[in-house]
file input25.tsv (TSV, C-alpha atoms)
chain	number	residue	atom	x	y	z
A	4	MET	CA	31.42	52.45	18.90
A	5	ILE	CA	30.76	55.03	21.61
A	6	PRO	CA	30.61	58.40	19.82
A	7	ILE	CA	33.04	61.03	21.15
A	8	SER	CA	33.01	64.80	20.62
A	9	VAL	CA	36.33	66.65	20.75
A	10	CYS	CA	35.67	70.21	21.91
A	11	ILE	CA	38.19	72.99	21.33
A	12	ILE	CA	38.00	76.62	22.46
A	13	THR	CA	40.29	79.00	20.62
A	14	LYS	CA	41.25	82.62	19.99
A	15	ASN	CA	43.85	83.98	17.54
A	16	GLU	CA	45.93	80.82	17.32
A	17	ALA	CA	45.31	79.80	13.72
A	18	GLU	CA	48.65	78.08	13.15
A	19	ARG	CA	48.47	75.99	16.31
A	20	LEU	CA	44.79	75.28	15.75
A	21	GLU	CA	45.64	73.73	12.39
A	22	GLN	CA	48.33	71.53	14.01
A	23	CYS	CA	45.82	70.46	16.64
A	24	LEU	CA	43.11	69.63	14.10
A	25	GLN	CA	45.46	67.81	11.73
A	26	ALA	CA	46.46	65.44	14.52
A	27	LEU	CA	42.80	64.45	14.97
A	28	GLN	CA	42.14	63.53	11.35
A	29	SER	CA	42.83	59.82	11.69
A	30	PHE	CA	40.11	59.39	14.32
A	31	SER	CA	36.33	59.26	13.95
A	32	PHE	CA	35.63	62.07	16.41
A	33	GLU	CA	33.06	64.79	16.03
A	34	ILE	CA	35.03	68.05	16.24
A	35	VAL	CA	33.50	71.17	17.80
A	36	VAL	CA	35.42	74.45	17.67
A	37	VAL	CA	34.27	77.42	19.74
A	38	ASP	CA	35.90	80.75	18.91
A	39	THR	CA	36.03	83.35	21.68
A	40	GLY	CA	36.78	86.41	19.55
A	41	SER	CA	39.54	85.72	17.01
A	42	THR	CA	40.65	88.47	14.66
A	43	ASP	CA	42.88	86.15	12.61
A	44	ASN	CA	41.70	83.35	10.30
A	45	SER	CA	41.12	80.81	13.08
A	46	LYS	CA	37.50	80.19	12.11
A	47	GLU	CA	38.43	79.67	8.45
A	48	ILE	CA	41.04	77.12	9.53
A	49	ALA	CA	38.48	75.37	11.74
A	50	ARG	CA	35.96	75.10	8.90
A	51	LYS	CA	38.50	73.13	6.85
A	52	TYR	CA	38.10	70.33	9.38
A	53	THR	CA	34.56	70.64	10.75
A	54	ASP	CA	31.24	72.35	10.13
A	55	LYS	CA	30.69	72.64	13.90
A	56	VAL	CA	32.22	76.12	14.42
A	57	PHE	CA	30.56	78.41	16.98
A	58	ASP	CA	31.12	81.80	18.58
A	59	PHE	CA	31.21	82.54	22.31
A	60	ILE	CA	31.46	86.03	23.76
A	61	TRP	CA	34.43	85.95	26.14
A	62	ILE	CA	33.47	86.63	29.78
A	63	ASP	CA	36.83	85.89	31.49
A	64	ASP	CA	35.75	82.35	32.30
A	65	PHE	CA	37.32	79.30	30.68
A	66	SER	CA	34.82	76.93	32.32
A	67	ALA	CA	31.89	78.83	30.83
A	68	ALA	CA	33.45	78.54	27.37
A	69	ARG	CA	34.17	74.83	27.80
A	70	ASN	CA	30.66	74.10	29.06
A	71	TYR	CA	29.21	76.00	26.10
A	72	ALA	CA	31.34	73.92	23.71
A	73	ALA	CA	30.06	70.73	25.34
A	74	LYS	CA	26.47	71.90	24.84
A	75	CYS	CA	27.19	72.41	21.12
A	76	ALA	CA	28.34	68.80	20.73
A	77	ALA	CA	26.12	66.07	19.34
A	78	HIS	CA	27.45	63.40	21.71
A	79	ASN	CA	27.57	62.98	25.48
A	80	ILE	CA	31.19	61.84	25.76
A	81	ILE	CA	33.30	65.00	25.67
A	82	PHE	CA	37.05	65.19	25.08
A	83	PRO	CA	38.21	68.81	25.49
A	84	ILE	CA	41.52	69.68	23.81
A	85	ASP	CA	43.30	73.03	23.91
A	86	THR	CA	44.47	74.72	20.72
A	87	ASP	CA	48.11	74.29	21.77
A	88	GLU	CA	47.73	70.55	22.43
A	89	ILE	CA	48.54	67.85	19.89
A	90	VAL	CA	47.42	64.24	20.19
A	91	THR	CA	50.54	62.10	19.80
A	92	SER	CA	49.25	58.72	20.97
A	93	LEU	CA	45.69	57.39	21.02
A	94	ASP	CA	44.53	53.79	20.73
A	95	LEU	CA	40.86	54.23	19.84
A	96	ASN	CA	39.89	50.65	20.71
A	97	ALA	CA	41.54	50.92	24.14
A	98	LEU	CA	39.87	54.28	24.73
A	99	GLN	CA	36.46	52.84	23.77
A	100	GLU	CA	36.95	49.98	26.21
A	101	ALA	CA	38.00	52.32	29.02
A	102	ILE	CA	34.96	54.56	28.53
A	103	ALA	CA	32.61	51.56	28.40
A	104	ASN	CA	34.08	50.16	31.63
A	105	HIS	CA	33.83	53.52	33.45
A	106	PRO	CA	30.59	55.14	32.21
A	107	ARG	CA	30.24	57.61	35.10
A	108	SER	CA	33.91	58.40	35.65
A	109	VAL	CA	36.39	60.93	34.33
A	110	GLY	CA	39.21	59.76	32.08
A	111	TYR	CA	42.75	61.03	32.65
A	112	VAL	CA	45.20	61.53	29.79
A	113	LYS	CA	48.95	62.04	29.90
A	114	ARG	CA	50.12	65.50	28.86
A	115	LEU	CA	53.71	66.54	28.21
A	116	ASP	CA	54.00	70.23	29.16
A	117	TYR	CA	57.00	71.61	27.27
A	118	PHE	CA	58.93	74.65	28.50
A	119	GLU	CA	62.30	76.30	28.02
A	120	ALA	CA	64.97	76.11	30.72
A	121	GLY	CA	67.93	78.17	29.59
A	122	SER	CA	68.88	76.78	26.20
A	123	GLU	CA	67.08	73.47	26.78
A	124	VAL	CA	63.52	72.38	26.13
A	125	ARG	CA	62.16	70.21	28.93
A	126	HIS	CA	58.74	68.94	29.83
A	127	TYR	CA	56.60	67.99	32.78
A	128	ASP	CA	54.69	64.71	32.53
A	129	VAL	CA	51.27	65.27	34.07
A	130	MET	CA	48.06	63.29	34.21
A	131	ILE	CA	45.06	65.56	33.64
A	132	GLU	CA	41.33	64.92	33.71
A	133	ARG	CA	39.87	65.27	30.24
A	134	ILE	CA	37.28	62.74	29.09
A	135	TYR	CA	33.84	62.88	30.67
A	136	ASP	CA	30.11	62.39	30.11
A	137	ARG	CA	28.35	65.77	30.04
A	138	ARG	CA	25.27	64.24	31.67
A	139	TYR	CA	27.25	63.75	34.88
A	140	TYR	CA	30.08	66.32	34.87
A	141	HIS	CA	30.92	69.87	33.88
A	142	PHE	CA	33.74	72.39	34.31
A	143	GLU	CA	34.11	74.81	37.21
A	144	ARG	CA	36.59	77.64	37.99
A	145	PRO	CA	37.19	80.57	35.64
A	146	ILE	CA	40.84	79.59	35.04
A	147	HIS	CA	42.77	76.33	35.43
A	148	GLU	CA	39.34	74.81	35.40
A	149	VAL	CA	38.44	71.41	36.87
A	150	ILE	CA	35.84	68.76	36.01
A	151	LEU	CA	33.31	68.24	38.81
A	152	PRO	CA	30.06	66.26	39.17
A	153	LEU	CA	26.79	67.94	38.24
A	154	SER	CA	24.90	66.17	41.02
A	155	ASP	CA	25.55	64.15	44.17
A	156	ILE	CA	27.32	61.29	42.39
A	157	SER	CA	30.74	60.48	43.74
A	158	TYR	CA	33.66	61.64	41.61
A	159	SER	CA	35.65	58.73	40.21
A	160	SER	CA	38.33	58.47	37.56
A	161	TYR	CA	40.33	56.13	35.38
A	162	GLU	CA	43.51	56.37	33.31
A	163	THR	CA	43.68	56.14	29.53
A	164	THR	CA	46.62	55.60	27.20
A	165	VAL	CA	46.03	58.93	25.42
A	166	THR	CA	49.06	61.27	25.23
A	167	LEU	CA	49.12	64.97	24.32
A	168	ASP	CA	52.00	67.33	23.60
A	169	HIS	CA	51.35	70.76	25.14
A	170	ILE	CA	53.44	73.38	23.33
A	171	GLY	CA	51.74	76.55	24.56
A	172	TYR	CA	54.69	77.62	26.72
A	173	LEU	CA	57.20	77.54	23.88
A	174	GLY	CA	57.94	80.26	21.38
A	175	ASP	CA	57.56	84.01	21.17
A	176	LYS	CA	58.32	85.75	24.48
A	177	ASN	CA	55.80	88.53	23.86
A	178	ALA	CA	53.04	85.98	23.33
A	179	LEU	CA	54.05	84.17	26.51
A	180	GLN	CA	54.08	87.48	28.39
A	181	ASN	CA	50.58	88.29	27.16
A	182	LYS	CA	49.31	84.85	28.14
A	183	ALA	CA	50.86	85.12	31.60
A	184	GLU	CA	49.41	88.60	32.18
A	185	ARG	CA	45.95	87.40	31.14
A	186	ASN	CA	46.20	84.48	33.53
A	187	LEU	CA	47.44	86.70	36.36
A	188	ALA	CA	44.45	89.00	36.09
A	189	LEU	CA	42.02	86.07	36.32
A	190	LEU	CA	43.95	84.37	39.11
A	191	GLN	CA	44.07	87.53	41.23
A	192	LYS	CA	40.27	87.53	41.14
A	193	GLU	CA	40.31	83.93	42.38
A	194	THR	CA	42.48	84.83	45.38
A	195	GLU	CA	39.96	87.52	46.30
A	196	LYS	CA	37.11	85.01	46.13
A	197	SER	CA	38.96	82.26	48.03
A	198	PRO	CA	41.82	83.87	49.97
A	199	GLU	CA	42.71	80.67	51.87
A	200	ASP	CA	42.88	78.41	48.81
A	201	PRO	CA	46.56	77.68	47.98
A	202	TYR	CA	45.88	76.65	44.37
A	203	PRO	CA	45.44	80.13	42.80
A	204	TYR	CA	48.65	81.28	44.48
A	205	PHE	CA	50.44	78.27	43.01
A	206	GLN	CA	49.16	79.14	39.55
A	207	ILE	CA	50.14	82.80	40.00
A	208	GLY	CA	53.66	81.58	40.76
A	209	GLN	CA	53.55	79.43	37.64
A	210	SER	CA	52.57	82.47	35.57
A	211	TYR	CA	55.50	84.44	36.96
A	212	MET	CA	57.80	81.52	36.15
A	213	LEU	CA	56.50	81.70	32.58
A	214	MET	CA	57.55	85.37	32.58
A	215	ARG	CA	61.00	84.38	33.98
A	216	ASP	CA	60.22	86.51	37.05
A	217	HIS	CA	61.61	84.31	39.82
A	218	GLU	CA	61.29	86.96	42.53
A	219	HIS	CA	57.52	87.33	42.18
A	220	ALA	CA	57.17	83.59	41.57
A	221	CYS	CA	58.79	82.91	44.94
A	222	GLU	CA	56.48	85.36	46.67
A	223	SER	CA	53.42	83.59	45.27
A	224	PHE	CA	54.77	80.10	45.93
A	225	LYS	CA	55.48	81.15	49.52
A	226	GLU	CA	51.87	82.30	49.87
A	227	ALA	CA	50.68	78.94	48.52
A	228	ILE	CA	52.91	76.97	50.93
A	229	ALA	CA	51.66	79.09	53.85
A	230	ARG	CA	48.12	77.86	53.12
A	231	ASN	CA	49.19	74.24	53.71
A	232	PRO	CA	48.30	72.49	50.44
A	233	ALA	CA	47.87	68.76	50.90
A	234	PRO	CA	51.13	66.96	50.01
A	235	THR	CA	49.07	64.29	48.25
A	236	GLU	CA	47.73	66.80	45.71
A	237	SER	CA	49.70	66.39	42.46
A	238	TYR	CA	50.19	70.15	42.10
A	239	THR	CA	51.81	70.42	45.55
A	240	ARG	CA	54.84	68.44	44.43
A	241	ILE	CA	55.30	70.74	41.43
A	242	LEU	CA	54.78	73.75	43.72
A	243	VAL	CA	57.52	72.56	46.09
A	244	ASN	CA	59.95	71.73	43.30
A	245	ASN	CA	59.40	74.98	41.41
A	246	TYR	CA	59.60	77.03	44.61
A	247	GLY	CA	62.90	75.38	45.51
A	248	ASN	CA	64.38	75.83	42.04
A	249	ALA	CA	63.26	79.47	41.88
A	250	LEU	CA	64.96	80.12	45.23
A	251	ILE	CA	68.11	78.48	43.88
A	252	GLU	CA	67.95	80.71	40.79
A	253	LEU	CA	67.85	83.70	43.17
A	254	ASP	CA	70.86	82.36	45.09
A	255	ARG	CA	68.79	81.66	48.20
A	256	PRO	CA	69.61	77.98	48.92
A	257	GLU	CA	69.35	78.56	52.66
A	258	GLU	CA	65.61	78.91	52.03
A	259	SER	CA	65.23	76.09	49.49
A	260	ILE	CA	66.83	73.60	51.90
A	261	LYS	CA	63.93	74.22	54.29
A	262	LEU	CA	61.76	72.29	51.83
A	263	LEU	CA	63.27	69.18	53.40
A	264	SER	CA	60.03	69.22	55.41
A	265	TYR	CA	58.42	67.53	52.37
A	266	TYR	CA	61.03	64.78	52.15
A	267	GLU	CA	58.81	61.95	53.40
A	268	TYR	CA	56.32	62.69	50.61
A	269	TYR	CA	58.59	63.24	47.62
A	270	ASP	CA	61.75	61.20	48.23
A	271	ASN	CA	60.74	59.02	45.27
A	272	ASN	CA	60.84	61.94	42.82
A	273	ILE	CA	63.94	62.82	40.76
A	274	ASP	CA	63.09	66.53	40.57
A	275	TYR	CA	62.68	66.88	44.33
A	276	LEU	CA	65.82	64.91	45.19
A	277	CYS	CA	67.90	66.92	42.71
A	278	MET	CA	66.55	70.19	44.11
A	279	ILE	CA	67.47	69.13	47.65
A	280	GLY	CA	70.87	67.85	46.50
A	281	LEU	CA	71.64	71.12	44.73
A	282	SER	CA	70.52	73.07	47.80
A	283	TYR	CA	72.98	71.10	49.94
A	284	MET	CA	75.76	71.81	47.45
A	285	LEU	CA	75.06	75.52	47.43
A	286	ILE	CA	75.13	75.79	51.22
A	287	GLY	CA	78.53	74.09	51.21
A	288	GLN	CA	77.56	70.53	52.15
A	289	PRO	CA	78.51	68.36	49.15
A	290	LEU	CA	78.77	65.20	51.27
A	291	ARG	CA	75.11	65.56	52.18
A	292	ALA	CA	74.24	66.34	48.59
A	293	LEU	CA	75.85	63.18	47.17
A	294	PRO	CA	73.37	60.64	48.67
A	295	GLU	CA	70.45	62.65	47.31
A	296	PHE	CA	71.77	62.47	43.75
A	297	VAL	CA	72.58	58.76	44.19
A	298	LYS	CA	69.02	58.16	45.40
A	299	ALA	CA	67.69	60.13	42.43
A	300	LEU	CA	69.37	57.66	40.03
A	301	SER	CA	66.77	55.02	40.87
A	302	ALA	CA	63.84	57.23	41.89
A	303	PRO	CA	60.71	55.92	40.12
A	304	THR	CA	59.01	59.24	39.32
A	305	ARG	CA	59.98	62.54	37.70
A	306	ASP	CA	58.22	65.62	36.42
A	307	SER	CA	60.63	67.63	34.28
A	308	ASN	CA	64.23	66.87	35.15
A	309	ASP	CA	66.46	65.24	32.59
A	310	PRO	CA	67.19	61.76	34.06
A	311	ARG	CA	70.90	62.34	33.33
A	312	ILE	CA	71.15	65.21	35.82
A	313	PRO	CA	71.78	63.02	38.91
A	314	SER	CA	74.76	61.32	37.20
A	315	TYR	CA	76.14	64.71	36.21
A	316	TYR	CA	76.07	66.07	39.76
A	317	ILE	CA	77.54	62.85	41.19
A	318	GLY	CA	80.40	63.32	38.74
A	319	TYR	CA	80.67	67.00	39.69
A	320	ILE	CA	80.96	66.18	43.40
A	321	TYR	CA	83.63	63.53	42.79
A	322	GLU	CA	85.52	65.99	40.60
A	323	TYR	CA	85.26	68.57	43.41
A	324	PHE	CA	87.01	66.11	45.72
A	325	GLY	CA	89.69	65.30	43.15
A	326	LYS	CA	88.36	61.82	42.31
A	327	ASN	CA	88.59	62.44	38.58
A	328	ASP	CA	88.48	58.81	37.43
A	329	ILE	CA	85.21	58.22	39.28
A	330	ALA	CA	83.91	61.58	38.05
A	331	LYS	CA	84.62	60.60	34.43
A	332	THR	CA	82.63	57.39	34.83
A	333	HIS	CA	79.55	59.32	35.93
A	334	TYR	CA	80.01	61.99	33.26
A	335	LEU	CA	80.19	59.24	30.63
A	336	ASN	CA	76.90	57.85	31.94
A	337	CYS	CA	75.31	61.15	30.88
A	338	GLY	CA	75.79	60.52	27.16
A	339	ASP	CA	75.48	63.73	25.16
A	340	TYR	CA	74.24	65.83	28.10
A	341	ALA	CA	76.01	69.12	27.37
A	342	PRO	CA	77.35	69.96	30.87
A	343	ALA	CA	78.80	66.44	31.18
A	344	VAL	CA	80.42	66.68	27.71
A	345	GLU	CA	82.04	69.96	28.79
A	346	ALA	CA	83.21	68.36	32.05
A	347	LEU	CA	84.81	65.45	30.19
A	348	ALA	CA	86.62	67.88	27.90
A	349	ARG	CA	87.87	69.69	31.00
A	350	LEU	CA	89.25	66.49	32.52
A	351	THR	CA	91.07	65.22	29.40
call {"tool": "encode", "arguments": {"input": "input25.tsv", "output": "structure tokens"}}
result
Amino acid sequence: MIPISVCIITKNEAERLEQCLQALQSFSFEIVVVDTGSTDNSKEIARKYTDKVFDFIWIDDFSAARNYAAKCAAHNIIFPIDTDEIVTSLDLNALQEAIANHPRSVGYVKRLDYFEAGSEVRHYDVMIERIYDRRYYHFERPIHEVILPLSDISYSSYETTVTLDHIGYLGDKNALQNKAERNLALLQKETEKSPEDPYPYFQIGQSYMLMRDHEHACESFKEAIARNPAPTESYTRILVNNYGNALIELDRPEESIKLLSYYEYYDNNIDYLCMIGLSYMLIGQPLRALPEFVKALSAPTRDSNDPRIPSYYIGYIYEYFGKNDIAKTHYLNCGDYAPAVEALARLT
């Protein structure tokens, strides 16, 4: 067995920390918890599960805290987990094999990022770099940190079958506001250091979205787009989709439709196609919207959209044109999707 150290940095999240640690109990990992200044009983909770509990004076730098946690570990293979992340799927034998086959590479895990959209809870499915050998890699960037090589070795990666639930963006609005404001302060410093880097502007927009401030989110997303992020970067697709949806929320579809310039890159993504389809609808072109929703039915990738949404809007467009029988068929395909259930009630 290749020994693995799970490293967690935490502050004042005792309840979530316990959830996180409980989910790790069925695995033979070393657990390292680094506290960055808790005033609740986080450290007492941590000591129920491990004797490797350390303190780190917070210096506004997540990478520094993560690298310190890795130094406190007994093993070279490091698996960082956030306090608000819960392991939901992990085949230890498969993970061992993957690590053995890729000794100088970084392992990606699947994370489900949950968030509230109106009265619904949705999630993004993202692949994030997480498992690495501390002899070859470390973290860089004060916030939204990334794993980079320590020396001149070429960065390489592999996928694992590990899945995490990320619940940090659910719950108390005041807590979310505080988290967003903390992130904004750190991200503003990053824009001053690297004014032409689109990534901090993207993350600033994400923080404003967390605060339900679509106006400021759009301003930051626009700044990110203006810096020409590579369409092949995974965050760029989320940037484009969130920018478009924020513009739609602000009743500015004449701007969101301009994101058609990314069509060649993201026409295989449900979220993007639905955003473009909705933009067409809102500028009064339902016949141009319909093919986008039809295409979304079989699109192979999605980030957060409910896969029933394309069927709902196809039904909505047919209902708009008075084709109620066809509309009902598509609404029925949505199952218990609330808007479709309401539409069926309207048509009966």
call {"tool": "atom_distance", "arguments": {"input": "input25.tsv", "atom1": "atom CA of Lys331 of chain A", "atom2": "atom CA of Pro313 of chain A"}}
result
13.8 Å
call {"tool": "closest_residue", "arguments": {"input": "input25.tsv", "among": "A:Ser66, A:Thr13, A:Thr53, A:Thr42", "to": "Asp87 of chain A", "atoms": "all atoms listed in the file"}}
result
A:Thr13
call {"tool": "atom_distance", "arguments": {"input": "input25.tsv", "atom1": "atom CA of Tyr323 of chain A", "atom2": "atom CA of Cys277 of chain A"}}
result
17.5 Å
call {"tool": "residues_around", "arguments": {"input": "input25.tsv", "residues": "segment 223-229 of chain A", "least_positions_apart": "2", "cutoff": "10 Å", "atoms": "all atoms listed in the file", "output": "PDB file with C-alpha atoms, keeping the file's coordinate frame"}}
result
ATOM      1  CA  GLU A 199      42.710  80.670  51.870  1.00  0.00           C
ATOM      2  CA  ASP A 200      42.880  78.410  48.810  1.00  0.00           C
ATOM      3  CA  PRO A 201      46.560  77.680  47.980  1.00  0.00           C
ATOM      4  CA  TYR A 202      45.880  76.650  44.370  1.00  0.00           C
ATOM      5  CA  PRO A 203      45.440  80.130  42.800  1.00  0.00           C
ATOM      6  CA  TYR A 204      48.650  81.280  44.480  1.00  0.00           C
ATOM      7  CA  PHE A 205      50.440  78.270  43.010  1.00  0.00           C
ATOM      8  CA  GLN A 206      49.160  79.140  39.550  1.00  0.00           C
ATOM      9  CA  ILE A 207      50.140  82.800  40.000  1.00  0.00           C
ATOM     10  CA  GLY A 208      53.660  81.580  40.760  1.00  0.00           C
ATOM     11  CA  GLN A 209      53.550  79.430  37.640  1.00  0.00           C
ATOM     12  CA  SER A 210      52.570  82.470  35.570  1.00  0.00           C
ATOM     13  CA  TYR A 211      55.500  84.440  36.960  1.00  0.00           C
ATOM     14  CA  HIS A 217      61.610  84.310  39.820  1.00  0.00           C
ATOM     15  CA  GLU A 218      61.290  86.960  42.530  1.00  0.00           C
ATOM     16  CA  HIS A 219      57.520  87.330  42.180  1.00  0.00           C
ATOM     17  CA  ALA A 220      57.170  83.590  41.570  1.00  0.00           C
ATOM     18  CA  CYS A 221      58.790  82.910  44.940  1.00  0.00           C
ATOM     19  CA  ASN A 231      49.190  74.240  53.710  1.00  0.00           C
ATOM     20  CA  PRO A 232      48.300  72.490  50.440  1.00  0.00           C
ATOM     21  CA  ALA A 233      47.870  68.760  50.900  1.00  0.00           C
ATOM     22  CA  THR A 239      51.810  70.420  45.550  1.00  0.00           C
ATOM     23  CA  LEU A 242      54.780  73.750  43.720  1.00  0.00           C
ATOM     24  CA  VAL A 243      57.520  72.560  46.090  1.00  0.00           C
ATOM     25  CA  ASN A 245      59.400  74.980  41.410  1.00  0.00           C
ATOM     26  CA  TYR A 246      59.600  77.030  44.610  1.00  0.00           C
ATOM     27  CA  GLY A 247      62.900  75.380  45.510  1.00  0.00           C
ATOM     28  CA  ALA A 249      63.260  79.470  41.880  1.00  0.00           C
TER      29      ALA A 249
END
call {"tool": "atom_distance", "arguments": {"input": "input25.tsv", "atom1": "atom CA of Gly40 of chain A", "atom2": "atom CA of Leu115 of chain A"}}
result
27.5 Å
call {"tool": "closest_atom_pairs", "arguments": {"input": "input25.tsv", "of": "segment 44-100 of chain A", "to": "segment 23-33 of chain A", "cutoff": "8 Å", "atoms": "all atoms listed in the file", "output": "JSON lines"}}
result
{"residue": "A:Ala49", "atom": "CA", "partner": "A:Leu24", "partner_atom": "CA", "distance": 7.7}
{"residue": "A:Tyr52", "atom": "CA", "partner": "A:Leu24", "partner_atom": "CA", "distance": 6.9}
{"residue": "A:Ala76", "atom": "CA", "partner": "A:Glu33", "partner_atom": "CA", "distance": 7.8}
{"residue": "A:Ala77", "atom": "CA", "partner": "A:Glu33", "partner_atom": "CA", "distance": 7.8}
{"residue": "A:Thr86", "atom": "CA", "partner": "A:Cys23", "partner_atom": "CA", "distance": 6.1}
{"residue": "A:Asp87", "atom": "CA", "partner": "A:Cys23", "partner_atom": "CA", "distance": 6.8}
{"residue": "A:Glu88", "atom": "CA", "partner": "A:Cys23", "partner_atom": "CA", "distance": 6.1}
{"residue": "A:Ile89", "atom": "CA", "partner": "A:Cys23", "partner_atom": "CA", "distance": 5.0}
{"residue": "A:Val90", "atom": "CA", "partner": "A:Ala26", "partner_atom": "CA", "distance": 5.9}
{"residue": "A:Thr91", "atom": "CA", "partner": "A:Ala26", "partner_atom": "CA", "distance": 7.5}
{"residue": "A:Leu95", "atom": "CA", "partner": "A:Phe30", "partner_atom": "CA", "distance": 7.6}
call {"tool": "write_last_selection", "arguments": {"input": "input25.tsv", "atoms": "C-alpha atoms", "output": "mmCIF file, keeping the file's coordinate frame"}}
result
data_model
loop_
_atom_site.group_PDB
_atom_site.id
_atom_site.type_symbol
_atom_site.label_atom_id
_atom_site.label_comp_id
_atom_site.auth_asym_id
_atom_site.auth_seq_id
_atom_site.Cartn_x
_atom_site.Cartn_y
_atom_site.Cartn_z
ATOM 1 C CA ALA A 49 38.480 75.370 11.740
ATOM 2 C CA TYR A 52 38.100 70.330 9.380
ATOM 3 C CA ALA A 76 28.340 68.800 20.730
ATOM 4 C CA ALA A 77 26.120 66.070 19.340
ATOM 5 C CA THR A 86 44.470 74.720 20.720
ATOM 6 C CA ASP A 87 48.110 74.290 21.770
ATOM 7 C CA GLU A 88 47.730 70.550 22.430
ATOM 8 C CA ILE A 89 48.540 67.850 19.890
ATOM 9 C CA VAL A 90 47.420 64.240 20.190
ATOM 10 C CA THR A 91 50.540 62.100 19.800
ATOM 11 C CA LEU A 95 40.860 54.230 19.840
#
call {"tool": "build_atoms", "arguments": {"input": "input25.tsv", "residues": "segment 12-24 of chain A", "atoms": "N, CA and C atoms", "output": "tab-separated table (two decimals), in the coordinates of the input"}}
result
chain	number	residue	atom	x	y	z
A	12	ILE	N	38.24	75.18	22.42
A	12	ILE	CA	38.00	76.62	22.46
A	12	ILE	C	39.28	77.31	22.00
A	13	THR	N	39.12	78.40	21.23
A	13	THR	CA	40.29	79.00	20.62
A	13	THR	C	40.12	80.50	20.44
A	14	LYS	N	41.26	81.19	20.33
A	14	LYS	CA	41.25	82.62	19.99
A	14	LYS	C	42.62	82.99	19.43
A	15	ASN	N	42.64	83.43	18.18
A	15	ASN	CA	43.85	83.98	17.54
A	15	ASN	C	45.05	83.06	17.60
A	16	GLU	N	44.82	81.77	17.37
A	16	GLU	CA	45.93	80.82	17.32
A	16	GLU	C	45.78	79.93	16.09
A	17	ALA	N	45.63	80.54	14.94
A	17	ALA	CA	45.31	79.80	13.72
A	17	ALA	C	46.33	78.71	13.40
A	18	GLU	N	47.62	79.05	13.52
A	18	GLU	CA	48.65	78.08	13.15
A	18	GLU	C	48.61	76.86	14.08
A	19	ARG	N	48.52	77.11	15.37
A	19	ARG	CA	48.47	75.99	16.31
A	19	ARG	C	47.16	75.23	16.20
A	20	LEU	N	46.08	75.95	15.92
A	20	LEU	CA	44.79	75.28	15.75
A	20	LEU	C	44.86	74.28	14.60
A	21	GLU	N	45.53	74.65	13.52
A	21	GLU	CA	45.64	73.73	12.39
A	21	GLU	C	46.45	72.49	12.79
A	22	GLN	N	47.55	72.68	13.52
A	22	GLN	CA	48.33	71.53	14.01
A	22	GLN	C	47.46	70.61	14.85
A	23	CYS	N	46.70	71.22	15.74
A	23	CYS	CA	45.82	70.46	16.64
A	23	CYS	C	44.80	69.65	15.84
A	24	LEU	N	44.16	70.30	14.88
A	24	LEU	CA	43.11	69.63	14.10
A	24	LEU	C	43.68	68.56	13.17
